[in-house]
Structure formats: structure tokens, C-alpha cells
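Structure first, then comments.
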Amino acid sequence: MAKEVTKRSDDYSQWYDNLVVKADLAERSAVRGCMVIKPYGYAIWEKMQASLDAMFKKTGVQNAYFPLFIPKSFFSREAEHVAGFAKECAVVTHHRLMNDPDGKGVVVDPAAKLEEELIVRPTSETIIWSTYKNWITSWRDLPILCNQWCNVVRWEMRTRLFLRTAEFLWQEGHTAHATSKEAEAKAYEMVQVYADFARNVLALPVVVGHKSPNERFAGALDTLTIEAMMQDGKALQAGTSHFLGQNFAKSFDVQYTNKEGKQEYVWATSWGVSTRLMGALIMAHGDDNGLVLPPSLAPIQVVMVPIYKTEGEHDAIIAKMEEIKASLEVGGHSVRIDDRDTLRPGFKFAEWELKGVPVRIAIGPRDLANGTAELARRDTCEKISTQVEGIAETVDQLLKDIQQNIYAKALAFRDSNIRKVDSWEEFKEEIKKGGFLLCHWDGTAETEQKIKDETKATIRCIPIDSAVCEEEGKCIYSGQPSHRRVIFAISY
RNA sequence: CGGGAUGUAGCGCAGUUGGUAGCGCACUACGUUCGGGACGUAGGGGUCGCGUGUUCGAGUCACGUCAUCCCGACCA
């Protein structure tokens with residue numbers, strides 16, 4: 001963990017400058033709060049997409065695509081939903097530019113004003129439900145299980161690279177069901193998909209739970225969330241799944257005829273994860289030397305750096321490396337031989353570490369003579385000398401170890417920063433130290449708001465399946481009776 | 001929208017009481033290097049965010065304007 005970060009707990013911007021930009025992950029765009037994702041960073045996102053797509057398909061979800069522009073009138077239907085997004089919408093009012101009559105560049109052509117303004121989607125519930133109305137007439141049409149990968153725009157007052165950019169990439173799933181029970185089960189199923197993905201692919205431990213009414217998605221009856229802890233002890237909401245009830249069905253008049261011939265409104269869910277996960281990855285696993293990627297997401301899993309003086313040495317080493325590369329690729333690993341002859345080995349080591357490549361193999365003249373190779377793992381920065389004979393199996397096992405170890409390390413960190421707090425005085429002190437605080441809460445929005453006003457801490461979630469939280473007690477703030485503990489934390 | 005700060009080379013910065021623009025990294029060429037971010041020599045690159053004003057003269061002073069960053073309210 002970077003020293004600077006330890007001192008200034010919330011200053012990850014330094015990481016972005018040091019790691020992200022120099023690591024070719026992303027750079028700030030000229031457009032306020034937007035980001036450019038460079039090829040290496042995008043390759044990581046593509047790996048996330050591929051994993052999630054495979055998991056979605058197992059639950060019967062199919063991909064679809066809906067328009068970027070949403071007519072303003074669509075937004076006037078679901079009042080609560082609109083109230084949640086109205087303050088941060090980009091609005092298209094014209095469709096043409098013209099040369100400035102004064103000769104100063106280009107201006108908006110006032111004659112090209114749109115009859116009805118278009119909203120750049122901040123999320124797609126409204127346009128999707130307008131469409132679903134035409135798709136659904138009978139119980140036989142249900143359920144509808146669609147997901148779309150797209151960009152959305154939210155005109156945030158303040159942005160933060162990866163965590164809250166004005167434009168971001170995400171997936172949003174939207175499902176329609178015949179019964180409340182089925183929809184609730186779907187919302188629950190999808191949050192579990194996210195939790196599996198976070199744990200097994202991102203190597204990120206997460207807590208699954210319900211959002212408090214205050215923190216719920218605009219228009220939802222219930223919001224499920226996966227909450228992760230970053231290395232500065234702050235919480236990051238890494239994914240959400242909403243049970244929308246019949247709110248959208250009623251607002252957009254989506255009814256179906258049931259088996260008894262009666263008209264009924266459908267039940268809905270929506271769920272999404274975004275490029276925020278890239279931020280989670282950086283902040284949860286990164287160290288002083290840069291990014292640490294779990295092998296499951298690394299665009300390059302093994303990088304090979306040759307060490308040589310003469311052309312003869314170079315050729316012999318590269319030939320050996322090609323051999324090793326082929327044997328690793330048989331096992332499905334992605335391998336890069338860094339054969340750039342303008343850079344010295346030390347520079348290459350540092351650069352690949354910055355990019356988070358899990359395993360590095362270095363071979364020099366000495367190794368070549370001995371039939372060995374230097375194997376370095378990114379997560380612990382350990383180096384060992386190993387026989388080239390059978391190196392494919394060694395590397396295969398090492399990658400599995402690294403994946404596991406990264407998760408175990410993050411889990412140990414998180415668990416050592418979760419603690420029970422039972423008094424208000426203690427709470428005010430403990431919350432400053434970061435981490436998750438398990439506390440009793442009286443269940444009222446007023447108490448939650450007062451705690452937030454006084455400490456900036458919010459209820460990150462009401463954990464499900466957590467035996468630790470299931471106990472009687474008294475609210476830390478009001479002293480009223482409580483039936484379970486919830487997680488309080490400072491969040492991003 | 002409130003409070004604070006900053007705009008000078010690709011990046012990070014210096015620039016004194018106004019006197020005609022500099023440093024580090026990066027870049028180009030050549031040479032020596034190459035098992036943990038090499039070194040030497042020689043080069044190239046800037047209408048100092050924009051506009052107006054004061055002045056013989058503005059990176060520097062005044063006013064305006066735009067943008068960015070940090071702290072609040074908002075948020076995946």
C-alpha cells in the first residue's frame with residue numbers, strides 16, 4: 001500500500017496519476033469528468049464483460065440494445081425515478097450547427113431546435129419500459145430477461161476517475177416477471193451473480209446486503225448491493241440489483257393477461273455494474289509498485305523478459321522463450337515476450353509491475369546455461385529460480401496461487417477492519433479510523449440521516465446471511481430496540 | 001451553487017521590485033551500456049489559458065472571462 005495513501009487516506013488521485021496514466025490505463029479527457037480508456041485498460045474491461053456475459057447467460061439473460069436518446073416525456077412518468085435523476089441529465093435541444101454569421105467558428109443553428117428535447121440516458125428504465133409495453137401482452141411472454149452493455153451519462157457535480165465519471169460504461173439488466181416472488185428471486189439471484197464475480201474473478205471480497213430506504217435506487221422497493229472495502233478503509237458500492245415492484249409497470253402501463261384471463265401489471269428488476277469496478281480493482285489490490293491484477297483479468301498473464309549482451313545470446317534466449325510461450329499457451333494462458341531492444345531489463349521489470357502482470361519470467365545467459373529461469377510473482381514480489389523443464393505446470397499452479405492469494409489478502413485486510421461498535425461516543429471515534437462498523441440501528445431514516453450529518457458515515461448495507469449481525473440490541477444513536485446490526489462506513 | 005487554489009514545452013514545475021522565458025523528466029542523433037527504472041555529448045520543441053487595460057516595455061500589475069483541481073451539497 002502506497003505510503004502517501006496511508007497518510008492521506010482518501011487521496012487515490014495520486015494512484016491514478018502514478019499508476020493509471022503511466023500504466024496506460026486511462027487519461028483524463030478534455031471533456032469535464034469523462035475518461036479515455038486506453039487499450040490496456042480496455043482489455044481488462046473486456047475480460048470483465050466476457051466473464052459477466054457467461055454468468056448472465058447461465059441465468060437465461062440475453063443481450064439487447066436500446067437507444068442512447070430518450071424523449072423527455074418518457075421521464076415524466078415515474079415521479080420518484082425522475083426526481084432521482086433530473087438533476088444530473090444531459091439534454092439535447094438542437095440537431096444542427098452552422099457557421100457563425102460573425103465569422104467566429106461554429107454556432108448552434110437556432111432553426112434546428114428540437115420539438116421535444118432528448119435526454120442522454122442516465123439509465124434506461126424509462127425507454128426500456130416503454131418498449132416492454134409493446135412486447136408483453138400474455139403470461140406466455142414472461143419473463144423477459146434482457147441486459148445491455150452501453151454508456152450512460154450523469155452530469156455529476158463532482159467527478160472522480162473510474163468511481164464517478166460523467167460518462168461511464170456499464171451493463172444494465174432489466175427483467176419483467178409475472179409474480180412478485182419471481183422478480184424478487186431474480187433480483188436476489190443477480191446480486192449473487194455479482195458477488196460470485198467479485199470474489200472469484202476480481203478477487204474482491206464483498207458483503208451482500210439490502211440498502212436502507214434512504215440509499216435505495218430511485219423508484220425501487222428494494223435495492224440489493226455488494227459492498228467492498230478499499231485499502232484506505234472506505235466502502236465502495238461495487239454493484240446493485242433492484243426489485244422495482246410494479247412501479248415501472250404501472251407508470252408505463254405494462255400489463256399482461258394471466259392464465260385466468262385477468263389483466264395484471266408485471267413485476268420488475270434492474271441490476272448493473274460499471275467501470276467503477278476498474279476503480280475497485282485498482283484500489284483494492286494495488287501497491288507501491290502499481291497495479292496488481294488477478295490472473296483471471298490480466299490481459300497479459302505472463303511476461304517474459306530476456307537478458308542479454310550479444311546478438312547470439314539474444315537469439316538463443318528468444319528461441320527458448322518461444323518454446324516456453326508455446327507450452328504456456330497450450331494451457332490457455334496469455335503470454336508476451338518483451339523483445340524491445342531499446343529498453344533495459346530493469347526498466348521492463350518496473351513497467352510490467354506497474355501494469356500488474358501476475359507472472360514474469362526472466363532468462364539470461366546464466367539461466368540458459370543452467371536450464372533455469374527466474375520466476376517472479378507480482379502479488380508478493382517474490383522471485384524464485386526454477387527449472388525450464390516442466391515450467392508450464394509450475395506457472396499454471398503459480399497463477400492459481402496468485403488468484404487465491406490476492407483474494408485471501410484482501411479478505412484478511414477487510415476482516416481486520418470490521419468491528420462491532422455499541423456506543424455513540426465509540427462510533428464517532430471509530431468511524432474516523434475507517435473500515436466497516438457493525439452497529440445496531442433503530443431502522444428509521446431520521447436516525448440514519450442524523451448519523452450521516454454528524455459523521456459522514458452511511459449505512460452501506462443490511463447484510464443478508466450474516467450470523468454475526470443477527471442479534472438483539474439497542475440503536476447506537478437513539479437507544480431504541482434493534483433486531484440486527486447493519487454496516488456503517490464512509491463511502492466513495 | 002458556496003469556500004479555497006491553480007493555469008508557463010508532451011508531463012511536473014521555477015520565473016525576484018515589470019526589462020523580451022528557464023529547470024527536471026520525456027523526445028531526436030551518435031557513442032558506451034544491458035541480471036532491478038543507465039550514462040556521456042550534441043540537438044529540437046513555448047503567440048506564458050483567453051480578452052481588455054495600464055506602461056516605452058506585461059509571464060509578472062488591474063479588470064473581465066474561460067477552464068481545471070481540492071473542500072461542501074449530489075451520486076454507480
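By order of appearance in the C-alpha cells: chains A, B, ..., then residues from 1 within every chain, and ligands from 1 in the order shown.
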Residues near U52 in chain B, anyone? I mean within 12 Å using only C-alpha atoms (C1' of nucleotides), not counting same-chain ones fewer than 6 positions away, as a PyMOL selection string.
chain B and resi 62-65
Polymer residues at most 8 Å from range 68-73 of chain B, only C-alpha atoms (C1' of nucleotides), same-chain spacing of 4 or more positions, as a PyMOL selection string
chain B and resi 3-7
Write out, as CSV, each residue of range 105-196 of chain A that has an atom at most 6 Å from range 238-245 of chain A, together with the closest pair of atoms and their distance in Å to one decimal, counting only C-alpha atoms, rows going by chain and rising number.
```
residue,atom,partner,partner_atom,distance
A:Glu184,CA,A:Phe243,CA,5.8
A:Ala187,CA,A:Ser241,CA,5.5
A:Val191,CA,A:Ser241,CA,5.6
```
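Straight-line separation from CA of Val292 in chain A to CA of Gly356 in chain A: 4.2 Å.
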As a PyMOL selection string, could you give me every residue of chain B near chain A (at most 7 Å apart, counting only C-alpha atoms (C1' of nucleotides))?
chain B and resi 34-37+74-76
Same residues, N, CA and C atoms (P, O5', C5', C4', C3', O3' and C1' of nucleotides), saved as a PDB file, in the first residue's frame:
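What landed in out.pdb:
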```pdb
ATOM      1  P     C B  34      27.028  -3.958 -19.350  1.00  0.00           P
ATOM      2  O5'   C B  34      25.461  -4.156 -19.225  1.00  0.00           O
ATOM      3  C5'   C B  34      24.732  -3.532 -18.161  1.00  0.00           C
ATOM      4  C4'   C B  34      23.247  -3.611 -18.467  1.00  0.00           C
ATOM      5  C3'   C B  34      22.697  -5.030 -18.481  1.00  0.00           C
ATOM      6  O3'   C B  34      21.379  -5.037 -17.961  1.00  0.00           O
ATOM      7  C1'   C B  34      22.336  -4.011 -20.582  1.00  0.00           C
ATOM      8  P     G B  35      21.148  -4.766 -16.364  1.00  0.00           P
ATOM      9  O5'   G B  35      20.082  -5.859 -15.942  1.00  0.00           O
ATOM     10  C5'   G B  35      20.449  -7.221 -15.977  1.00  0.00           C
ATOM     11  C4'   G B  35      19.981  -7.858 -14.694  1.00  0.00           C
ATOM     12  C3'   G B  35      20.953  -7.656 -13.531  1.00  0.00           C
ATOM     13  O3'   G B  35      20.198  -7.632 -12.344  1.00  0.00           O
ATOM     14  C1'   G B  35      20.778  -9.949 -14.063  1.00  0.00           C
ATOM     15  P     G B  36      19.899  -6.244 -11.582  1.00  0.00           P
ATOM     16  O5'   G B  36      18.613  -5.759 -12.400  1.00  0.00           O
ATOM     17  C5'   G B  36      18.650  -4.488 -13.081  1.00  0.00           C
ATOM     18  C4'   G B  36      17.710  -3.519 -12.413  1.00  0.00           C
ATOM     19  C3'   G B  36      18.111  -3.074 -11.003  1.00  0.00           C
ATOM     20  O3'   G B  36      17.669  -1.750 -10.780  1.00  0.00           O
ATOM     21  C1'   G B  36      16.016  -4.100 -10.920  1.00  0.00           C
ATOM     22  P     G B  37      18.460  -0.548 -11.599  1.00  0.00           P
ATOM     23  O5'   G B  37      17.413  -0.311 -12.759  1.00  0.00           O
ATOM     24  C5'   G B  37      16.083   0.079 -12.436  1.00  0.00           C
ATOM     25  C4'   G B  37      15.465   0.656 -13.667  1.00  0.00           C
ATOM     26  C3'   G B  37      16.005   2.032 -14.062  1.00  0.00           C
ATOM     27  O3'   G B  37      15.943   2.085 -15.475  1.00  0.00           O
ATOM     28  C1'   G B  37      13.690   2.171 -13.674  1.00  0.00           C
ATOM     29  P     C B  74     -26.721  15.451  -0.169  1.00  0.00           P
ATOM     30  O5'   C B  74     -26.636  15.301  -1.751  1.00  0.00           O
ATOM     31  C5'   C B  74     -27.729  15.674  -2.585  1.00  0.00           C
ATOM     32  C4'   C B  74     -27.419  15.330  -4.017  1.00  0.00           C
ATOM     33  C3'   C B  74     -27.123  13.859  -4.276  1.00  0.00           C
ATOM     34  O3'   C B  74     -28.315  13.108  -4.463  1.00  0.00           O
ATOM     35  C1'   C B  74     -25.447  15.176  -5.278  1.00  0.00           C
ATOM     36  P     C B  75     -28.319  11.561  -4.085  1.00  0.00           P
ATOM     37  O5'   C B  75     -27.216  10.977  -5.074  1.00  0.00           O
ATOM     38  C5'   C B  75     -27.586  10.322  -6.269  1.00  0.00           C
ATOM     39  C4'   C B  75     -26.364   9.950  -7.049  1.00  0.00           C
ATOM     40  C3'   C B  75     -25.753   8.600  -6.704  1.00  0.00           C
ATOM     41  O3'   C B  75     -26.377   7.563  -7.426  1.00  0.00           O
ATOM     42  C1'   C B  75     -24.045  10.239  -6.774  1.00  0.00           C
ATOM     43  P     A B  76     -26.450   6.043  -6.834  1.00  0.00           P
ATOM     44  O5'   A B  76     -25.633   5.155  -7.856  1.00  0.00           O
ATOM     45  C5'   A B  76     -26.002   3.810  -7.997  1.00  0.00           C
ATOM     46  C4'   A B  76     -24.734   3.042  -8.311  1.00  0.00           C
ATOM     47  C3'   A B  76     -23.615   3.411  -7.364  1.00  0.00           C
ATOM     48  O3'   A B  76     -23.328   2.357  -6.486  1.00  0.00           O
ATOM     49  C1'   A B  76     -22.935   3.614  -9.661  1.00  0.00           C
TER      50        A B  76
END
```
Got a sec: who's within 12 Å of G24 in chain B, counting only C-alpha atoms (C1' of nucleotides), leaving out chain neighbours fewer than 2 positions off, as a list in words?
C11, G12, C13, A14, G22 and A26 of chain B
Could you list, as a PyMOL selection string, every residue within 8 Å of Ala183 in chain A, counting only C-alpha atoms (C1' of nucleotides) and ignoring same-chain residues fewer than 2 positions away?
chain A and resi 175-181+185-187+243+245+267-269
Could you pull out the helix (DSSP H, G or I) residues of range 212-347 of chain A, going by DSSP on the backbone, and write them as a ChimeraX atom specification?
/A:213-215,247-251,276-285,311-330,345-347
Surrounding residues of range 40-46 of chain B excluding itself and chain neighbours under 2 positions, 8 Å, only C-alpha atoms (C1' of nucleotides), as a count of residues only:
5
Hey, what's within 9 Å of Glu470 in chain A if we count only C-alpha atoms (C1' of nucleotides) and toss same-chain stuff fewer than 2 positions away? As a VMD selection string, please?
chain A and resid 465 to 468 472 483 to 485
Expected file: the selected residues, C-alpha atoms, as a PDB file, in the first residue's frame:
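Result went into again-v1.pdb, see below:
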```
ATOM      1  CA  ASP A 465     -26.848 -14.374   5.524  1.00  0.00           C
ATOM      2  CA  SER A 466     -24.699 -12.864   8.257  1.00  0.00           C
ATOM      3  CA  ALA A 467     -24.967 -14.676  11.562  1.00  0.00           C
ATOM      4  CA  VAL A 468     -22.741 -12.019  13.170  1.00  0.00           C
ATOM      5  CA  GLU A 472     -30.921  -8.034  19.518  1.00  0.00           C
ATOM      6  CA  HIS A 483     -33.084  -6.673  15.787  1.00  0.00           C
ATOM      7  CA  ARG A 484     -29.873  -6.783  13.796  1.00  0.00           C
ATOM      8  CA  ARG A 485     -26.641  -4.982  13.164  1.00  0.00           C
TER       9      ARG A 485
END
```
Using only C-alpha atoms for the distances, tell me which of A:Val254, A:Ala228, A:Val36, A:Ala111 is nearest to Arg199 in chain A.
A:Ala228
Based on DSSP run over this structure's backbone, return all residues of range 200-329 of chain A in strand (DSSP E), as a PyMOL selection string.
chain A and resi 207-210+222-229+235-245+255-257+263-265+267-274+302-306
Residue subset to file, keeping C-alpha atoms, as a tab-separated table (two decimals), in the first residue's frame:
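Result saved to result_6.tsv:
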```
chain	number	residue	atom	x	y	z
A	207	VAL	CA	-20.69	-8.14	1.60
A	208	VAL	CA	-24.13	-8.79	0.14
A	209	GLY	CA	-27.00	-6.90	1.67
A	210	HIS	CA	-30.00	-4.63	1.38
A	222	ASP	CA	-35.68	-2.91	-2.52
A	223	THR	CA	-32.05	-2.45	-3.52
A	224	LEU	CA	-29.52	-5.22	-3.02
A	225	THR	CA	-25.85	-4.34	-3.11
A	226	ILE	CA	-22.36	-5.77	-2.98
A	227	GLU	CA	-20.11	-3.62	-0.79
A	228	ALA	CA	-16.34	-3.80	-0.94
A	229	MET	CA	-13.67	-2.23	1.24
A	235	ALA	CA	-16.53	1.44	1.34
A	236	LEU	CA	-17.26	1.12	-2.35
A	237	GLN	CA	-20.60	0.03	-3.74
A	238	ALA	CA	-19.48	-2.36	-6.47
A	239	GLY	CA	-22.81	-3.48	-7.90
A	240	THR	CA	-26.54	-3.26	-7.30
A	241	SER	CA	-29.67	-5.25	-8.05
A	242	HIS	CA	-33.09	-3.66	-7.62
A	243	PHE	CA	-36.53	-5.11	-7.02
A	244	LEU	CA	-38.71	-2.48	-8.68
A	245	GLY	CA	-42.11	-3.91	-7.75
A	255	GLN	CA	-49.97	-5.33	-18.27
A	256	TYR	CA	-50.40	-8.94	-19.29
A	257	THR	CA	-53.31	-11.34	-19.37
A	263	GLN	CA	-55.16	-8.12	-16.66
A	264	GLU	CA	-52.22	-7.76	-14.30
A	265	TYR	CA	-49.20	-5.47	-14.02
A	267	TRP	CA	-43.09	-7.14	-11.71
A	268	ALA	CA	-39.66	-5.78	-12.49
A	269	THR	CA	-35.98	-5.88	-11.59
A	270	SER	CA	-32.94	-3.99	-12.79
A	271	TRP	CA	-29.29	-4.54	-11.97
A	272	GLY	CA	-25.94	-3.19	-13.04
A	273	VAL	CA	-22.20	-2.93	-12.64
A	274	SER	CA	-19.96	-0.31	-14.21
A	302	VAL	CA	2.89	-13.97	-18.15
A	303	VAL	CA	5.52	-11.61	-19.48
A	304	MET	CA	8.98	-12.78	-20.45
A	305	VAL	CA	12.00	-10.50	-20.29
A	306	PRO	CA	15.23	-11.59	-21.98
```
Find the distance between CA of Asn147 in chain A and CA of Lys57 in chain A and write it in Å to one decimal.
9.9 Å
Grab the CA of Ala284 in chain A to CA of Gln231 in chain A distance for me, in Å with one decimal place.
5.6 Å
I'd like the neighbourhood of C61 in chain B as an NGL selection string, where a residue qualifies if any of its atoms comes within 10 Å (using only C-alpha atoms (C1' of nucleotides)), though same-chain residues fewer than 4 positions away should be ignored.
:B and (18 or 54-55)
Using the selection just defined, write its residues with N, CA and C atoms (P, O5', C5', C4', C3', O3' and C1' of nucleotides) as a PDB file, in the first residue's frame.
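Output below, filename part22.pdb:
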```
ATOM      1  P     G B  18       7.449  45.264 -10.245  1.00  0.00           P
ATOM      2  O5'   G B  18       7.783  43.848 -10.908  1.00  0.00           O
ATOM      3  C5'   G B  18       8.915  43.715 -11.708  1.00  0.00           C
ATOM      4  C4'   G B  18       8.499  43.400 -13.134  1.00  0.00           C
ATOM      5  C3'   G B  18       9.615  43.731 -14.096  1.00  0.00           C
ATOM      6  O3'   G B  18       9.698  42.711 -15.070  1.00  0.00           O
ATOM      7  C1'   G B  18       7.631  44.836 -14.749  1.00  0.00           C
ATOM      8  P     U B  54      -4.848  52.048 -21.815  1.00  0.00           P
ATOM      9  O5'   U B  54      -3.957  51.922 -20.502  1.00  0.00           O
ATOM     10  C5'   U B  54      -4.359  52.573 -19.296  1.00  0.00           C
ATOM     11  C4'   U B  54      -3.337  52.314 -18.209  1.00  0.00           C
ATOM     12  C3'   U B  54      -1.893  52.592 -18.610  1.00  0.00           C
ATOM     13  O3'   U B  54      -1.564  53.970 -18.513  1.00  0.00           O
ATOM     14  C1'   U B  54      -2.023  50.499 -17.508  1.00  0.00           C
ATOM     15  P     U B  55      -0.815  54.688 -19.733  1.00  0.00           P
ATOM     16  O5'   U B  55       0.626  54.014 -19.696  1.00  0.00           O
ATOM     17  C5'   U B  55       1.482  54.195 -18.566  1.00  0.00           C
ATOM     18  C4'   U B  55       2.670  53.302 -18.684  1.00  0.00           C
ATOM     19  C3'   U B  55       3.438  53.411 -20.002  1.00  0.00           C
ATOM     20  O3'   U B  55       4.316  54.515 -19.998  1.00  0.00           O
ATOM     21  C1'   U B  55       3.121  51.131 -19.432  1.00  0.00           C
TER      22        U B  55
END
```
